[in-house]
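Visitor: Contents of structure23.cif (mmCIF, C-alpha atoms and all ligand atoms) are given next:
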```
data_upload
loop_
_atom_site.label_atom_id
_atom_site.label_comp_id
_atom_site.auth_asym_id
_atom_site.auth_seq_id
_atom_site.Cartn_x
_atom_site.Cartn_y
_atom_site.Cartn_z
CA MET P 1 44.46 13.49 100.04
CA SER P 2 44.31 10.05 98.46
CA THR P 3 44.00 9.29 94.77
CA GLU P 4 40.31 8.49 95.35
CA THR P 5 39.41 11.89 96.74
CA MET P 6 41.40 14.08 94.35
CA THR P 7 39.08 16.03 92.06
CA ASN P 8 39.56 18.11 88.94
CA ILE P 9 42.53 16.12 87.63
CA PRO P 10 44.20 17.91 84.69
CA VAL P 11 44.28 16.03 81.39
CA HIS P 12 47.77 17.28 80.52
CA VAL P 13 50.44 18.14 83.09
CA SER P 14 53.69 19.61 81.85
CA LEU P 15 56.87 19.92 83.89
CA ILE P 16 59.86 22.19 83.32
CA MET P 17 62.50 20.09 85.04
CA ASP P 18 64.92 22.67 86.41
CA GLY P 19 67.52 22.84 89.17
CA ASN P 20 69.60 19.69 88.64
CA GLY P 21 72.88 21.59 88.62
CA ARG P 22 72.09 23.48 91.81
CA TRP P 23 70.95 20.25 93.51
CA ALA P 24 74.34 18.68 92.77
CA LYS P 25 76.25 21.80 93.76
CA GLU P 26 74.50 21.89 97.14
CA ARG P 27 76.02 18.45 97.71
CA GLY P 28 79.49 19.41 96.50
CA LYS P 29 79.12 17.27 93.37
CA GLU P 30 79.39 17.78 89.62
CA ARG P 31 76.28 19.12 87.83
CA VAL P 32 75.77 15.83 85.98
CA TYR P 33 75.09 14.08 89.28
CA GLY P 34 71.89 16.15 89.48
CA HIS P 35 70.86 15.03 86.00
CA PHE P 36 71.30 11.36 86.99
CA GLU P 37 69.25 11.87 90.14
CA GLY P 38 66.58 13.68 88.11
CA VAL P 39 65.73 10.44 86.30
CA GLY P 40 64.26 9.18 89.58
CA SER P 41 61.92 12.17 89.63
CA VAL P 42 60.81 11.40 86.07
CA ARG P 43 59.96 7.85 87.16
CA ALA P 44 58.06 9.12 90.22
CA CYS P 45 56.03 11.61 88.17
CA VAL P 46 55.17 8.99 85.55
CA GLU P 47 53.95 6.63 88.28
CA ALA P 48 51.97 9.40 89.96
CA SER P 49 50.38 10.39 86.63
CA VAL P 50 49.22 6.81 86.07
CA GLU P 51 47.87 6.61 89.65
CA TYR P 52 45.97 9.92 89.44
CA GLY P 53 44.65 9.32 85.93
CA VAL P 54 46.54 12.15 84.21
CA LYS P 55 46.39 11.26 80.49
CA TYR P 56 49.33 13.33 79.19
CA LEU P 57 52.56 14.07 81.05
CA SER P 58 55.09 16.18 79.21
CA LEU P 59 58.60 17.00 80.31
CA TYR P 60 60.92 19.75 79.12
CA ALA P 61 64.18 17.81 79.07
CA PHE P 62 66.44 19.85 76.76
CA SER P 63 65.87 23.19 75.09
CA GLU P 64 67.31 24.41 71.80
CA GLU P 65 69.29 26.89 73.93
CA ASN P 66 70.73 24.05 76.03
CA TRP P 67 72.93 23.12 73.03
CA ASN P 68 75.00 26.13 74.10
CA ARG P 69 76.10 24.42 77.32
CA PRO P 70 79.63 22.97 77.63
CA GLN P 71 80.03 20.05 75.20
CA GLU P 72 80.79 17.65 78.04
CA GLU P 73 77.49 18.39 79.77
CA VAL P 74 75.57 18.12 76.47
CA ASP P 75 77.21 14.75 75.75
CA THR P 76 76.40 13.47 79.25
CA LEU P 77 72.77 14.57 78.94
CA MET P 78 72.38 12.93 75.54
CA GLY P 79 74.00 9.72 76.81
CA LEU P 80 71.66 9.79 79.78
CA MET P 81 68.63 10.05 77.46
CA VAL P 82 69.66 6.92 75.54
CA LYS P 83 70.34 5.00 78.76
CA ALA P 84 67.15 6.11 80.50
CA MET P 85 65.04 5.12 77.48
CA ALA P 86 66.71 1.71 77.26
CA ASP P 87 66.35 1.13 81.02
CA GLU P 88 62.76 2.33 81.41
CA MET P 89 61.04 1.15 78.24
CA ASP P 90 60.02 -2.34 79.46
CA SER P 91 58.35 -0.88 82.51
CA LEU P 92 56.72 1.99 80.58
CA ASP P 93 55.36 -0.38 77.96
CA LYS P 94 54.08 -2.82 80.59
CA ASN P 95 52.24 0.05 82.31
CA GLY P 96 50.49 1.17 79.12
CA VAL P 97 52.59 4.29 78.54
CA ARG P 98 52.80 5.71 75.03
CA PHE P 99 56.20 7.37 74.59
CA LEU P 100 56.71 10.42 72.37
CA VAL P 101 59.70 12.68 71.76
CA LEU P 102 58.97 16.10 70.27
CA GLY P 103 61.43 18.77 69.21
CA ASN P 104 64.03 19.51 66.58
CA ARG P 105 65.04 15.90 66.01
CA ALA P 106 67.33 16.80 63.11
CA ARG P 107 69.85 18.02 65.69
CA LEU P 108 69.94 14.74 67.61
CA ALA P 109 72.59 12.06 67.05
CA ASP P 110 71.65 9.04 64.89
CA GLU P 111 71.96 6.61 67.82
CA LEU P 112 69.57 8.67 69.93
CA ASN P 113 67.10 9.06 67.06
CA ALA P 114 67.17 5.29 66.44
CA THR P 115 66.46 4.61 70.13
CA ILE P 116 63.63 7.16 70.13
CA ASP P 117 62.08 5.66 66.97
CA SER P 118 62.12 2.15 68.39
CA CYS P 119 60.61 3.27 71.73
CA MET P 120 57.89 5.26 69.97
CA GLU P 121 57.07 2.40 67.61
CA ARG P 122 56.96 -0.15 70.42
CA THR P 123 54.58 1.89 72.61
CA LYS P 124 52.44 3.58 69.94
CA ASP P 125 49.20 1.73 70.77
CA ASN P 126 49.42 2.17 74.57
CA LYS P 127 46.50 4.04 76.07
CA THR P 128 46.99 4.62 79.81
CA LEU P 129 49.30 7.65 79.66
CA THR P 130 51.10 9.56 76.91
CA LEU P 131 54.56 10.57 78.10
CA ILE P 132 56.09 13.33 75.99
CA ILE P 133 59.75 14.29 76.22
CA PHE P 134 60.53 17.68 74.71
CA LEU P 135 64.04 17.35 73.38
CA SER P 136 65.90 20.06 71.48
CA TYR P 137 62.66 21.99 71.73
CA SER P 138 61.88 25.67 71.72
CA GLY P 139 58.50 27.34 71.43
CA LYS P 140 59.70 29.88 68.88
CA TRP P 141 61.28 27.13 66.76
CA ASP P 142 58.01 25.17 66.91
CA ILE P 143 55.96 28.16 65.70
CA LEU P 144 58.48 28.87 62.95
CA GLN P 145 58.55 25.28 61.64
CA ALA P 146 54.73 25.29 61.71
CA ALA P 147 54.60 28.52 59.70
CA ARG P 148 57.04 27.09 57.17
CA LYS P 149 54.96 23.92 56.69
CA MET P 150 51.85 26.04 56.28
CA ALA P 151 53.53 28.28 53.71
CA GLU P 152 54.66 25.22 51.73
CA GLU P 153 51.10 23.89 51.62
CA MET P 154 49.80 27.29 50.54
CA ALA P 155 52.32 27.47 47.72
CA ALA P 156 51.59 23.93 46.55
CA SER P 157 47.81 24.15 46.14
CA PRO P 158 45.36 27.02 45.50
CA GLU P 159 42.56 25.07 47.24
CA ARG P 160 44.68 24.55 50.33
CA ARG P 161 45.69 28.21 50.21
CA GLN P 162 42.03 29.21 50.33
CA GLU P 163 41.34 26.85 53.24
CA ILE P 164 44.33 28.15 55.21
CA GLU P 165 43.33 31.76 54.65
CA GLU P 166 39.93 30.97 56.11
CA MET P 167 41.07 28.84 59.04
CA GLY P 168 41.01 30.07 62.65
CA VAL P 169 43.69 29.71 65.30
CA ASP P 170 42.73 26.10 65.97
CA GLY P 171 43.71 25.18 62.42
CA PHE P 172 47.30 26.23 63.16
CA ASP P 173 47.60 23.63 65.93
CA ARG P 174 48.03 20.81 63.45
CA TYR P 175 51.29 22.27 62.11
CA LEU P 176 52.92 22.38 65.53
CA VAL P 177 54.93 19.36 66.71
CA THR P 178 52.23 18.84 69.35
CA ALA P 179 49.49 18.22 66.74
CA GLY P 180 46.88 15.94 68.31
CA VAL P 181 48.08 16.56 71.87
CA PRO P 182 45.75 18.66 74.04
CA ASP P 183 47.25 21.92 75.33
CA PRO P 184 48.75 21.64 78.82
CA ASP P 185 46.28 22.39 81.60
CA LEU P 186 49.07 22.89 84.11
CA ILE P 187 52.72 23.85 83.59
CA VAL P 188 54.93 23.44 86.66
CA ARG P 189 58.47 24.78 86.84
CA THR P 190 60.79 23.64 89.59
CA SER P 191 63.81 25.37 91.17
CA GLY P 192 62.29 28.78 91.94
CA GLU P 193 62.70 30.33 88.49
CA SER P 194 59.56 32.13 87.27
CA ARG P 195 59.96 31.99 83.51
CA LEU P 196 59.02 29.76 80.58
CA SER P 197 62.47 29.65 78.92
CA ASN P 198 60.97 29.32 75.44
CA TYR P 199 58.65 26.42 76.32
CA LEU P 200 55.23 25.78 74.70
CA LEU P 201 54.65 29.46 73.87
CA TRP P 202 51.61 28.78 71.69
CA GLN P 203 50.21 25.76 73.49
CA GLY P 204 50.57 27.32 76.95
CA ALA P 205 48.38 30.34 76.13
CA TYR P 206 45.80 29.37 78.76
CA SER P 207 47.78 26.94 80.90
CA GLU P 208 47.75 27.37 84.64
CA LEU P 209 51.30 28.12 85.79
CA LEU P 210 52.88 26.92 89.01
CA PHE P 211 56.39 27.83 90.12
CA VAL P 212 57.80 25.81 93.00
CA ASP P 213 61.12 26.16 94.84
CA THR P 214 61.82 22.41 94.93
CA LEU P 215 64.81 21.44 92.79
CA TRP P 216 63.97 18.85 90.14
CA PRO P 217 65.78 15.85 91.75
CA ASP P 218 63.62 16.41 94.86
CA PHE P 219 60.33 16.69 92.92
CA ARG P 220 58.79 13.30 93.69
CA LYS P 221 55.26 11.94 94.23
CA GLU P 222 54.44 14.18 97.18
CA GLU P 223 55.38 17.34 95.21
CA PHE P 224 53.41 16.07 92.20
CA ARG P 225 50.36 15.54 94.40
CA LYS P 226 50.72 19.06 95.81
CA ALA P 227 50.84 20.47 92.29
CA LEU P 228 47.59 18.66 91.43
CA GLU P 229 46.01 20.04 94.61
CA SER P 230 47.05 23.56 93.66
CA TYR P 231 45.56 23.06 90.19
CA ALA P 232 42.30 21.73 91.62
CA LYS P 233 41.74 25.10 93.36
CA ARG P 234 42.27 27.21 90.22
CA ASP P 235 39.41 29.01 88.51
CA ARG P 236 39.98 28.91 84.74
CA ARG P 237 37.97 31.66 83.12
CA TYR P 238 39.37 31.90 79.56
CA GLY P 239 38.55 35.60 79.44
CA LYS P 240 34.89 35.11 80.29
CA VAL P 241 32.90 36.34 83.25
CA LYS P 242 31.71 33.62 85.62
C1 LIG P 301 67.63 21.23 84.39
O1 LIG P 301 68.57 21.49 85.34
C2 LIG P 301 68.10 20.28 83.31
C3 LIG P 301 68.28 20.89 81.99
C4 LIG P 301 67.99 22.13 81.69
C5 LIG P 301 68.82 20.07 80.93
P1 LIG P 301 69.75 22.54 85.09
O2 LIG P 301 70.90 21.80 84.48
O3 LIG P 301 69.26 23.71 84.34
O4 LIG P 301 70.12 22.94 86.58
P2 LIG P 301 70.36 24.40 87.15
O5 LIG P 301 69.19 25.24 86.74
O6 LIG P 301 71.64 24.88 86.53
O7 LIG P 301 70.46 24.21 88.62
C1 LIG P 302 64.90 25.32 80.91
O1 LIG P 302 65.89 25.28 81.88
C2 LIG P 302 65.03 24.16 79.99
C3 LIG P 302 64.77 22.86 80.58
C4 LIG P 302 64.35 22.63 81.79
C5 LIG P 302 64.98 21.76 79.70
P1 LIG P 302 67.21 26.15 81.76
O2 LIG P 302 67.97 25.94 83.00
O3 LIG P 302 67.89 25.87 80.48
O4 LIG P 302 66.59 27.62 81.67
P2 LIG P 302 67.22 29.05 81.98
O5 LIG P 302 68.50 29.15 81.20
O6 LIG P 302 67.48 29.13 83.46
O7 LIG P 302 66.18 30.03 81.55
MG MG P 303 68.41 25.48 84.86
#
```
Step by step, read the file and then write its structure as structure tokens.
Guide:
Amino acid sequence: MSTETMTNIPVHVSLIMDGNGRWAKERGKERVYGHFEGVGSVRACVEASVEYGVKYLSLYAFSEENWNRPQEEVDTLMGLMVKAMADEMDSLDKNGVRFLVLGNRARLADELNATIDSCMERTKDNKTLTLIIFLSYSGKWDILQAARKMAEEMAASPERRQEIEEMGVDGFDRYLVTAGVPDPDLIVRTSGESRLSNYLLWQGAYSELLFVDTLWPDFRKEEFRKALESYAKRDRRYGKVK
């Protein structure tokens, strides 16, 4: 199916990039080799998103729980983030990609935060695609930090307290780190694991889920296209009768 004939393109596609370690192990290499190779899949999925007209592509790159990995692997992953951002930013900017990093940024090193800030500032007015990297992210952490912000506002102003008490679930969205970003239409996890691993617990309430066996370094344009085809066949009912 070509880009012209594809119908029902999701606005927001989210990818849980899993299986780098196993990909490397299958080749008798160190786990980090899989992480390096995975950058090529990120590039392929960004290009495919632009080609198919997906407006938001988000990637689960590092969870809050991933801090518990061996220090050497954490350091390599963080170094890889800085390098990938530096290497890719010219091309992303040229292609109209707005770059966002969401997560618990207080835990990131100063150098990484400075790189993220400059990439976000540079691309902030781009309109073709919003690329979101979830870094040091967990869904439970996101909900907790949102609840804390809300509680602070309630304590600070009686008027705001009244408004918050009357607001519906949509009003809570603006406290989450994803404020302003539409909920993912499709969440794909690679590597054969069928779980969310603490990802977008609130925002994914009505996302279509797709679990594929492909390991992340092998998830390229063809796999992305297949995921869009699978999505196109879904019937989203949101609890209603059709
Ligand atoms: C995904 O690959 C990358 C991150 C979670 C940072 P893994 O490193 O989890 O690879 P596997 O699942 O061990 O194969
Ligand atoms: C989930 O992968 C997190 C990311 C892809 C960033 P993990 O490999 O950390 O998840 P578990 O431990 O298998 O659930
Ligand atoms: Mg994994």
Visitor: So which residues touch Ser58 in chain P within 9 Å, counting all atoms listed in the file, skipping near sequence neighbours fewer than 5 positions away, as an mmCIF file with C-alpha atoms, in the frame of the given file?
Guide:
```cif
data_model
loop_
_atom_site.group_PDB
_atom_site.id
_atom_site.type_symbol
_atom_site.label_atom_id
_atom_site.label_comp_id
_atom_site.auth_asym_id
_atom_site.auth_seq_id
_atom_site.Cartn_x
_atom_site.Cartn_y
_atom_site.Cartn_z
ATOM 1 C CA HIS P 12 47.770 17.280 80.520
ATOM 2 C CA VAL P 13 50.440 18.140 83.090
ATOM 3 C CA SER P 14 53.690 19.610 81.850
ATOM 4 C CA LEU P 15 56.870 19.920 83.890
ATOM 5 C CA ILE P 16 59.860 22.190 83.320
ATOM 6 C CA THR P 130 51.100 9.560 76.910
ATOM 7 C CA LEU P 131 54.560 10.570 78.100
ATOM 8 C CA ILE P 132 56.090 13.330 75.990
ATOM 9 C CA ILE P 133 59.750 14.290 76.220
ATOM 10 C CA PHE P 134 60.530 17.680 74.710
ATOM 11 C CA PRO P 184 48.750 21.640 78.820
#
```
Visitor: Counting only C-alpha atoms, figure out which residue out of P:Glu223, P:Asp87, P:Glu47, P:Glu64 gets nearest to Gly139 in chain P.
Guide: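 Selected residue with least distance to Gly139 in chain P: P:Glu64.
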Visitor: How would you report the residues lying within 7 Å of ligand LIG 302 (chain P), as a list in words, if you count all atoms listed in the file?
Guide: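 Checked against 7 Å with all atoms listed in the file; the hits are Ile16, Met17, Asp18, Gly19, Tyr60, Ala61, Phe62, Ser63, Glu65, Asn66, Arg195 and Ser197 of chain P.
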Visitor: Would you output that residue set with C-alpha atoms, as a tab-separated table (two decimals), keeping the file's coordinate frame?
Guide:
```tsv
chain	number	residue	atom	x	y	z
P	16	ILE	CA	59.86	22.19	83.32
P	17	MET	CA	62.50	20.09	85.04
P	18	ASP	CA	64.92	22.67	86.41
P	19	GLY	CA	67.52	22.84	89.17
P	60	TYR	CA	60.92	19.75	79.12
P	61	ALA	CA	64.18	17.81	79.07
P	62	PHE	CA	66.44	19.85	76.76
P	63	SER	CA	65.87	23.19	75.09
P	65	GLU	CA	69.29	26.89	73.93
P	66	ASN	CA	70.73	24.05	76.03
P	195	ARG	CA	59.96	31.99	83.51
P	197	SER	CA	62.47	29.65	78.92
```
Visitor: Calculate how many Å separate CA of Ile9 in chain P from CA of Tyr52 in chain P, rounding to one decimal.
Guide: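 So the answer is 7.3 Å.
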Visitor: Excluding Leu144 in chain P and any residue of its chain fewer than 6 positions from it, enumerate the residues within 12 Å of it, using only C-alpha atoms, and give them as a PyMOL selection string.
Guide: chain P and resi 104+137-138+150-151+172+175-177+201-202
Visitor: So, with all atoms listed in the file as the atoms that count, which of P:Asn198, P:Gln145, P:Gln162, P:Asn8 lies closest to Arg174 in chain P?
Guide: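 Ranked by minimum distance to Arg174 in chain P, first place goes to P:Gln145.
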Visitor: Enter the distance from CA of Ser191 in chain P to CA of Asp213 in chain P, in Å, rounded to one decimal.
Guide: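 Between CA of Ser191 in chain P and CA of Asp213 in chain P the gap works out to 4.6 Å.
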Visitor: Give me the box for ligand LIG 301 (chain P) as JSON, namely the centre and edge lengths in Å to one decimal of a box along x, y and z that holds every listed atom plus 6 Å on each side.
Guide:
```
{"center_x": 69.6, "center_y": 22.7, "center_z": 84.8, "size_x": 16.0, "size_y": 17.2, "size_z": 19.7}
```
Visitor: Please report the interatomic distance between CA of Phe211 in chain P and CA of Arg234 in chain P in Å with one decimal.
Guide: 14.1 Å
Visitor: Give me, as a ChimeraX atom specification, all polymer residues having an atom no more than 12 Å from Glu51 in chain P, counting only C-alpha atoms and skipping those fewer than 3 positions away in the same chain.
Guide: /P:2-4,6,9,44-48,54-55,95,128-129,221,224-225
Visitor: Check the smallest atom-to-atom distance from each of P:Glu193, P:Glu208, P:Asp93, P:Asp110 to ligand LIG 301 (chain P) using only C-alpha atoms and all ligand atoms, then report the winner.
Guide: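 Nearest to ligand LIG 301 (chain P): P:Glu193.
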